[in-house]
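S.K.: This is the content of entry-v6.txt (compact mmCIF, C-alpha atoms):
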```
# COMPACT_ATOMS: atom_id res chain seq x y z
CA MET J 191 -36.15 -19.71 -42.25
CA ASN J 192 -34.56 -16.72 -43.80
CA ALA J 193 -35.65 -13.42 -42.30
CA ASP J 194 -33.13 -11.32 -44.22
CA ALA J 195 -34.05 -12.26 -47.78
CA CYS J 196 -35.78 -8.93 -48.48
CA GLU J 197 -35.69 -5.41 -47.15
CA PRO J 198 -37.51 -4.95 -43.83
CA ILE J 199 -41.22 -4.26 -44.14
CA ALA J 200 -42.12 -0.65 -43.31
CA GLY J 201 -45.74 -1.12 -42.27
CA ARG J 202 -48.65 -3.50 -42.00
CA GLU J 203 -50.14 -2.29 -45.30
CA THR J 204 -46.82 -2.98 -47.04
CA LEU J 205 -46.69 -6.46 -45.48
CA THR J 206 -50.26 -7.18 -46.58
CA GLU J 207 -49.48 -6.00 -50.11
CA TRP J 208 -46.32 -8.16 -50.26
CA ALA J 209 -48.25 -11.18 -48.97
CA ARG J 210 -51.00 -10.65 -51.56
CA GLU J 211 -48.37 -10.51 -54.34
CA GLN J 212 -46.85 -13.76 -53.05
CA GLY J 213 -50.23 -15.45 -52.64
CA VAL J 214 -49.77 -16.06 -48.90
CA ARG J 215 -51.60 -14.99 -45.75
CA VAL J 216 -50.49 -12.61 -43.01
CA ARG J 217 -50.78 -14.08 -39.53
CA VAL J 218 -50.05 -12.94 -35.99
CA ALA J 219 -46.63 -14.42 -35.19
CA CYS J 220 -46.21 -13.02 -31.69
CA GLU J 221 -48.32 -10.92 -29.41
CA ASP J 222 -47.77 -9.41 -26.00
CA TRP J 223 -49.20 -6.47 -24.13
CA GLU J 224 -46.95 -3.90 -25.79
CA SER J 225 -46.82 -5.05 -29.41
CA ILE J 226 -48.18 -7.34 -32.11
CA THR J 227 -45.86 -8.94 -34.68
CA TYR J 228 -47.39 -9.85 -38.02
CA GLU J 229 -45.71 -12.37 -40.32
CA ALA J 230 -46.01 -13.72 -43.86
CA ILE J 231 -43.99 -16.68 -45.16
CA SER J 232 -43.51 -17.32 -48.86
CA PRO J 233 -41.27 -19.72 -50.80
CA GLY J 234 -38.27 -17.88 -52.22
CA PRO J 235 -36.80 -18.28 -55.72
CA ASP J 236 -34.50 -21.08 -54.52
CA GLY J 237 -37.24 -22.82 -52.53
CA THR J 238 -36.17 -21.59 -49.10
CA PRO J 239 -38.85 -19.78 -47.08
CA VAL J 240 -38.79 -15.99 -47.12
CA VAL J 241 -40.18 -14.52 -43.91
CA GLN J 242 -41.39 -10.94 -43.67
CA ARG J 243 -42.41 -9.51 -40.31
CA TYR J 244 -43.81 -6.24 -39.07
CA ARG J 245 -43.87 -5.36 -35.37
CA CYS J 246 -46.63 -2.93 -34.43
CA VAL J 247 -45.87 -1.16 -31.14
CA LEU J 248 -49.08 -0.25 -29.34
CA PRO J 249 -49.73 3.15 -27.75
CA PRO J 250 -48.88 3.22 -24.01
CA ALA J 251 -52.51 3.47 -22.84
CA MET J 252 -53.51 0.43 -24.91
CA ALA J 253 -50.41 -1.47 -23.77
CA LEU J 254 -51.31 -0.86 -20.10
CA ARG J 255 -54.88 -2.03 -20.70
CA ARG J 256 -53.63 -5.20 -22.37
CA LEU J 257 -51.19 -5.78 -19.49
CA ARG J 258 -54.07 -5.57 -17.00
CA LEU J 259 -56.00 -8.17 -19.03
CA THR J 260 -53.09 -10.61 -19.46
CA TYR J 261 -52.61 -13.69 -17.27
CA ILE J 262 -49.50 -15.77 -16.67
CA VAL J 263 -50.32 -19.50 -16.67
CA GLY J 264 -47.87 -22.10 -15.37
CA LEU J 265 -48.38 -25.74 -16.36
CA SER J 266 -46.41 -28.90 -15.72
CA HIS J 267 -46.39 -32.57 -16.65
CA ASP J 268 -44.25 -35.65 -16.27
CA ALA J 269 -41.81 -36.22 -19.14
CA GLY J 270 -39.96 -39.50 -18.75
CA GLY J 271 -39.68 -39.28 -14.97
CA ALA J 272 -38.80 -35.58 -14.90
CA ALA J 273 -41.03 -32.58 -14.34
CA CYS J 274 -41.50 -30.47 -17.46
CA ASN J 275 -42.78 -26.93 -16.88
CA HIS J 276 -44.34 -24.50 -19.33
CA VAL J 277 -45.38 -20.88 -18.86
CA ARG J 278 -47.60 -18.92 -21.24
CA ARG J 279 -48.98 -15.37 -21.33
CA VAL J 280 -52.66 -15.42 -22.29
CA VAL J 281 -55.39 -12.82 -22.71
CA PRO J 282 -58.82 -14.26 -21.86
CA PRO J 283 -60.95 -14.92 -24.96
CA VAL J 284 -63.99 -13.24 -23.35
CA LEU J 285 -62.86 -9.93 -21.90
CA SER J 286 -66.12 -9.33 -20.04
CA ALA J 287 -66.00 -12.72 -18.24
CA SER J 288 -65.91 -12.94 -14.46
CA GLU J 289 -62.53 -13.44 -12.77
CA SER J 290 -63.10 -17.16 -12.15
CA ALA J 291 -64.34 -17.75 -15.72
CA ALA J 292 -61.39 -15.80 -17.15
CA ARG J 293 -58.92 -17.83 -15.08
CA HIS J 294 -60.51 -21.08 -16.28
CA ASP J 295 -60.49 -19.90 -19.92
CA VAL J 296 -56.84 -18.80 -19.91
CA ALA J 297 -55.79 -22.13 -18.36
CA LEU J 298 -57.53 -23.97 -21.22
CA VAL J 299 -56.01 -21.71 -23.86
CA ALA J 300 -52.53 -22.05 -22.33
CA ALA J 301 -52.82 -25.86 -22.25
CA ALA J 302 -53.91 -25.91 -25.89
CA LEU J 303 -50.99 -23.64 -26.85
CA VAL J 304 -48.48 -25.82 -25.02
CA GLU J 305 -49.85 -28.97 -26.66
CA SER J 306 -49.73 -27.47 -30.16
CA GLU J 307 -46.22 -26.05 -29.67
CA ARG J 308 -44.50 -28.73 -27.58
CA ARG J 309 -46.25 -32.11 -27.93
CA ALA J 310 -43.63 -33.46 -30.35
CA MET J 311 -40.76 -32.33 -28.08
CA CYS J 312 -41.87 -33.35 -24.61
CA GLY J 313 -45.21 -35.09 -24.96
CA ALA J 314 -47.31 -32.29 -23.45
CA THR J 315 -51.04 -32.74 -24.00
CA VAL J 316 -54.09 -31.00 -22.59
CA ASP J 317 -54.85 -34.21 -20.70
CA ASN J 318 -51.47 -34.57 -18.97
CA LEU J 319 -50.84 -30.89 -18.16
CA THR J 320 -51.53 -29.67 -14.63
CA VAL J 321 -52.03 -25.97 -13.97
CA TYR J 322 -49.89 -24.82 -11.04
CA THR J 323 -50.48 -21.07 -11.27
CA VAL J 324 -52.78 -18.54 -12.94
CA ARG J 325 -51.90 -14.96 -12.08
CA ARG J 326 -52.48 -11.58 -13.63
CA ALA J 327 -49.35 -10.43 -15.43
CA GLN J 328 -49.26 -7.13 -13.55
CA ASP J 329 -49.11 -9.10 -10.26
CA TRP J 330 -46.54 -11.65 -11.49
CA GLN J 331 -43.40 -12.04 -9.43
CA PRO J 332 -40.79 -14.64 -10.35
CA PHE J 333 -40.17 -17.28 -7.72
```
Reformat the file's structure so that it appears as structure tokens.
M.R.:
Amino acid sequence: MNADACEPIAGRETLTEWAREQGVRVRVACEDWESITYEAISPGPDGTPVVQRYRCVLPPAMALRRLRLTYIVGLSHDAGGAACNHVRRVVPPVLSASESAARHDVALVAAALVESERRAMCGATVDNLTVYTVRRAQDWQPF
């Protein structure tokens, strides 16, 4: 994909306007506790995709709140005799859920994300993934 086909987008409203002109939708391309990146992809004049992105940096107080709500989920599965590991950052879908319910929900969401992103590459599916850790991001320490 070609990210440099047009001038950088200055704001979300500009991105939405550009997407409307192109007849495409704006979607969330990437999200973490400190920012959200919006993206629109449209076919260019020569048929190659034109990608426009806008990264919205969140205010520090909101970023800290999102960090406190984010979990790190580690999953693994067997891929041709070798262990294949995946790690995803997930915010629970129900923010008012109890701790145990939130941990269960983020494990399901992480497994679904891994399957949708990696199934073709390594054969990961919700059924063959095993959760080996679910921790709050603020408490995460690499091994």
S.K.: So that I can see what lies close to J:Asp329, please list as number ranges by chain the residues with an atom at most 10 Å from it, counting only C-alpha atoms and leaving out residues fewer than 6 positions away in the same chain.
M.R.: J: 258, 261-262
S.K.: Taking C-alpha atoms for each residue, export the selection above as a compact mmCIF listing (two decimals), in the coordinates of the input.
M.R.:
```txt
# COMPACT_ATOMS: atom_id res chain seq x y z
CA ARG J 258 -54.07 -5.57 -17.00
CA TYR J 261 -52.61 -13.69 -17.27
CA ILE J 262 -49.50 -15.77 -16.67
```
S.K.: Could you list as a PyMOL selection string every residue that has an atom within 7 Å of (-46.6, -7.8, -34.2), using the file's coordinates and counting all atoms listed in the file?
M.R.: chain J and resi 218-221+225-228+244-246
S.K.: To one decimal in Å, tell me the separation between atom CA of J:Pro233 and atom CA of J:Val214.
M.R.: 9.4 Å
S.K.: Rounded to one decimal, what separation in Å do you get between atom CA of J:Val216 and atom CA of J:Ile231?
M.R.: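 For atom CA of J:Val216 relative to atom CA of J:Ile231, the distance reads 8.0 Å.
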S.K.: Quick one: residues within 9 Å of J:Ile199, only C-alpha atoms, excluding same-chain residues fewer than 4 positions away - as a tab-separated table (two decimals) with C-alpha atoms, keeping the file's coordinate frame?
M.R.:
```tsv
chain	number	residue	atom	x	y	z
J	204	THR	CA	-46.82	-2.98	-47.04
J	205	LEU	CA	-46.69	-6.46	-45.48
J	208	TRP	CA	-46.32	-8.16	-50.26
J	242	GLN	CA	-41.39	-10.94	-43.67
J	243	ARG	CA	-42.41	-9.51	-40.31
J	244	TYR	CA	-43.81	-6.24	-39.07
```
S.K.: Env of stretch 301-311 of chain J: 8 Å cut, atoms = only C-alpha atoms, seq-sep filter 6 positions within chain, self excluded. Answer as a short mmCIF file (atom, residue, chain, number, x, y, z; two decimals) with C-alpha atoms, keeping the file's coordinate frame.
M.R.:
```
data_model
loop_
_atom_site.label_atom_id
_atom_site.label_comp_id
_atom_site.auth_asym_id
_atom_site.auth_seq_id
_atom_site.Cartn_x
_atom_site.Cartn_y
_atom_site.Cartn_z
CA LEU J 265 -48.38 -25.74 -16.36
CA HIS J 276 -44.34 -24.50 -19.33
CA ARG J 278 -47.60 -18.92 -21.24
CA LEU J 319 -50.84 -30.89 -18.16
#
```
S.K.: Return the padded bounding box of stretch 286-301 of chain J as AutoDock Vina command-line options: axis-aligned, built from all atoms listed in the file, 6 Å added on each side, with centre and edge lengths in Å to one decimal.
M.R.:
```
--center_x -59.3 --center_y -17.6 --center_z -18.0 --size_x 25.6 --size_y 28.5 --size_z 23.7
```
S.K.: I'd like the interatomic distance between atom CA of J:Ala253 and atom CA of J:Trp223, to a tenth of an Å.
M.R.: 5.2 Å
S.K.: Restricting the calculation to all atoms listed in the file: of J:Pro235, J:Gly271, J:Gly313, J:Gly264, which residue gets closest to J:Val296?
M.R.: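 Of the candidates, the smallest distance to J:Val296 is held by J:Gly264.
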S.K.: My list of candidates is J:Met252, J:Leu257, J:Val316, J:Val263. Which is closest to J:Arg293 when distances are computed with all atoms listed in the file?
M.R.: J:Val263
